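Engineer: Can you keep this structure in mind? I'll have questions shortly.
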Amino acid sequence: MTQLEVRTRRVHWAWWVAGVSFIALLGAAGFRAAPGVLIDPLHQEFGWSRGTISLAVSVNLVLYGVISPFAAALMERFGMRKVVASALVLVAAGSGLTVVMTASWQLILFWGIFVGVGTGSMALAFVATVTSRWFVKHRGLVSGVLTAAGATGQLVFLPIVANMATDIGWRPASLVIAGVALLVVPVVLIFLRDHPSQVGTTALGADAPEPPPPPNKGAARRALQVLGTSMRSGTFWLLAGGFAICGASTNGLIGTHFVPAAHDHGVPMTTAAGLLALVGIFDVAGTILSGWLTDRIDPRWLLGAYYALRGGSLLLLPGLFAPTVEPPMWAFIIFYGLDWVATVPPTVALCRDRFGMSGPIVFGWVFASHQLGAAFAATAAGATRDHLGSYDMAWYGAGLLCMVAAVFSLAIKRNKPAEVI
């Protein structure tokens with residue numbers, strides 16, 4: 001018996017898998033967010049418009065969501081280890097090749113497509129796959145911790161990349177991202193396992209071993225087949241509709257427009273950006289707490305409460321803006337951070353409970369609706385500001401939509417499995 005096997009016998013393999021998954025997700029979040037701090041350096045060097053550079057970021061965001069169900073299907077066919085390792089290599093290639101680019105289309109290819117597909121393959125559908133295969137006990141808590149890796153990755157990497165881009169240039173920053181992605185590959189290959197049966201164990205907390213899912217012959221066909229079948233379930237539409245509103249009220253609205261909206265009311269841009277960063281800090285605690293609660297409370301009730309409380313806070317937000325940051329605004333920032341992606345663990349749990357082993361792919365499609373909702377809200381809120389001169393109607397509209405999402409969540413039937421084949 002090797003020393004590695006001795007060590008892993010002392011700790012359940014599920015924890016090794018969760019640890020490596022956390023590292024991969026941590027890096028993926030930082031890699032995906034890094035282009036935002038490199039926009040100005042690229043504009044200054046190449047003279048490309050910010051619209052052209054932002055197009056690459058937009059392609060990245062869309063692929064990050066849309067690729068998720070296909071990545072989950074690829075994990076069924078080739079295994080998580082091969083897919084995640086390949087995704088890291090793709091991220092490294094996309095980031096590293098930017099140092100030799102000379103045309104804007106190359107930026108879209110490298111940043112938009114390569115990095116978008118790579119990070120999307122390590123997005124929340126990966127979380128759903130890991131927790132579905134490896135955990136019965138603590139499944140919700142692990143979902144929360146792995147989801148929180150996204151916020152943590154941005155908090156860890158963005159200041160580093162921003163400082164490097166300022167002090168020594170954007171090329172070294174891009175090469176650091178590529179190098180870190182490559183360094184994670186051997187860790188993934190050594191410790192990540194596709195299914196408990198591969199190492200002669202069961203999922204943590206399982207009463208009996210569960211057979212691995214049969215390999216599918218076509219990942220794209222499998223992902224589309226699951227979509228077609230799940231679309232016949234009302235549960236799918238309630239989850240997708242609610243998660244689209246989740247994306248609209250977080251990434252699309254607050255993430256995109258909070259800073260300019262605060263600036264409209266006299267708040268300095270740096271102060272507003274600092275408030276948004278605080279949302280990310282509290283997001284970590286909120287998501288882990290939500291995972292813990294998901295193990296103990298009906299996920300439908302949790303989602304209903306999260307969306308209703310979020311909606312109420314958005315309805316109050318227009319009255320909280322002021323030239324100085326007062327205690328009510330601090331309260332909003334703390335609450336919104338705690339609630340930001342608290343919706344993920346219960347949504348993952350409902351996909352697993354209602355759609356069985358196809359749950360990770362179903363969640364991939366639900367997550368795609370999240371990104372589409374975010375894209376729609378980002379555009380709609382900007383148009384609202386252009387035509388009405390303020391963001392007030394955007395906040396009110398999002399608040400009411402969150403109330404609708406709460407109703408959607410509570411309308412999901414209890415204990416009505418809709419197994420997708």
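Residues in the structure tokens are numbered from 1 in each chain, the chains being A, B, ... in the order shown, and ligands are numbered from 1 in the order shown.
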With a distance cut-off of 10 Å and only C-alpha atoms, select the neighbouring residues of A:Val180, excluding the residue or stretch itself and same-chain residues fewer than 6 positions from it, and output the selection as a list in words.
Structural biologist: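 Returned residues: Gly27, Phe31, Leu88, Val91 and Ala92 of chain A.
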Engineer: Tell me, as a list of chain:residue names, which residues lie within 8 Å of A:Ala272, counting only C-alpha atoms; anything in the same chain fewer than 6 positions away does not count.
Structural biologist: A:Phe258, A:Val259, A:Ala262, A:His263
Engineer: Find the nearest atom pair between each residue of stretch 67-95 of chain A and stretch 119-137 of chain A for residues within 8 Å, count only C-alpha atoms, give distances in Å to one decimal, sort rows by chain and ascending number, and present the table as JSON lines.
Structural biologist:
{"residue": "A:Ile67", "atom": "CA", "partner": "A:Gly120", "partner_atom": "CA", "distance": 5.7}
{"residue": "A:Ser68", "atom": "CA", "partner": "A:Ala125", "partner_atom": "CA", "distance": 5.7}
{"residue": "A:Pro69", "atom": "CA", "partner": "A:Ala125", "partner_atom": "CA", "distance": 6.8}
{"residue": "A:Ala71", "atom": "CA", "partner": "A:Ser121", "partner_atom": "CA", "distance": 5.1}
{"residue": "A:Ala72", "atom": "CA", "partner": "A:Ala125", "partner_atom": "CA", "distance": 6.0}
{"residue": "A:Met80", "atom": "CA", "partner": "A:Phe126", "partner_atom": "CA", "distance": 8.0}
{"residue": "A:Val83", "atom": "CA", "partner": "A:Ser121", "partner_atom": "CA", "distance": 7.4}
{"residue": "A:Val84", "atom": "CA", "partner": "A:Met122", "partner_atom": "CA", "distance": 6.4}
{"residue": "A:Ala87", "atom": "CA", "partner": "A:Ser121", "partner_atom": "CA", "distance": 6.2}
{"residue": "A:Leu88", "atom": "CA", "partner": "A:Thr119", "partner_atom": "CA", "distance": 7.8}
{"residue": "A:Val91", "atom": "CA", "partner": "A:Thr119", "partner_atom": "CA", "distance": 6.9}
Engineer: Run DSSP on the backbone of this structure and report the residues of stretch 67-279 of chain A it assigns to alpha helix (DSSP H), as a PyMOL selection string.
Structural biologist: chain A and resi 67-78+80-97+104-107+116-120+124-134+139-167+170-191+219-230+234-247+254-264+269-279
Engineer: Rounded to one decimal in Å, what is the spacing between atom CA of A:Val199 and atom CA of A:Ala149?
Structural biologist: 25.8 Å
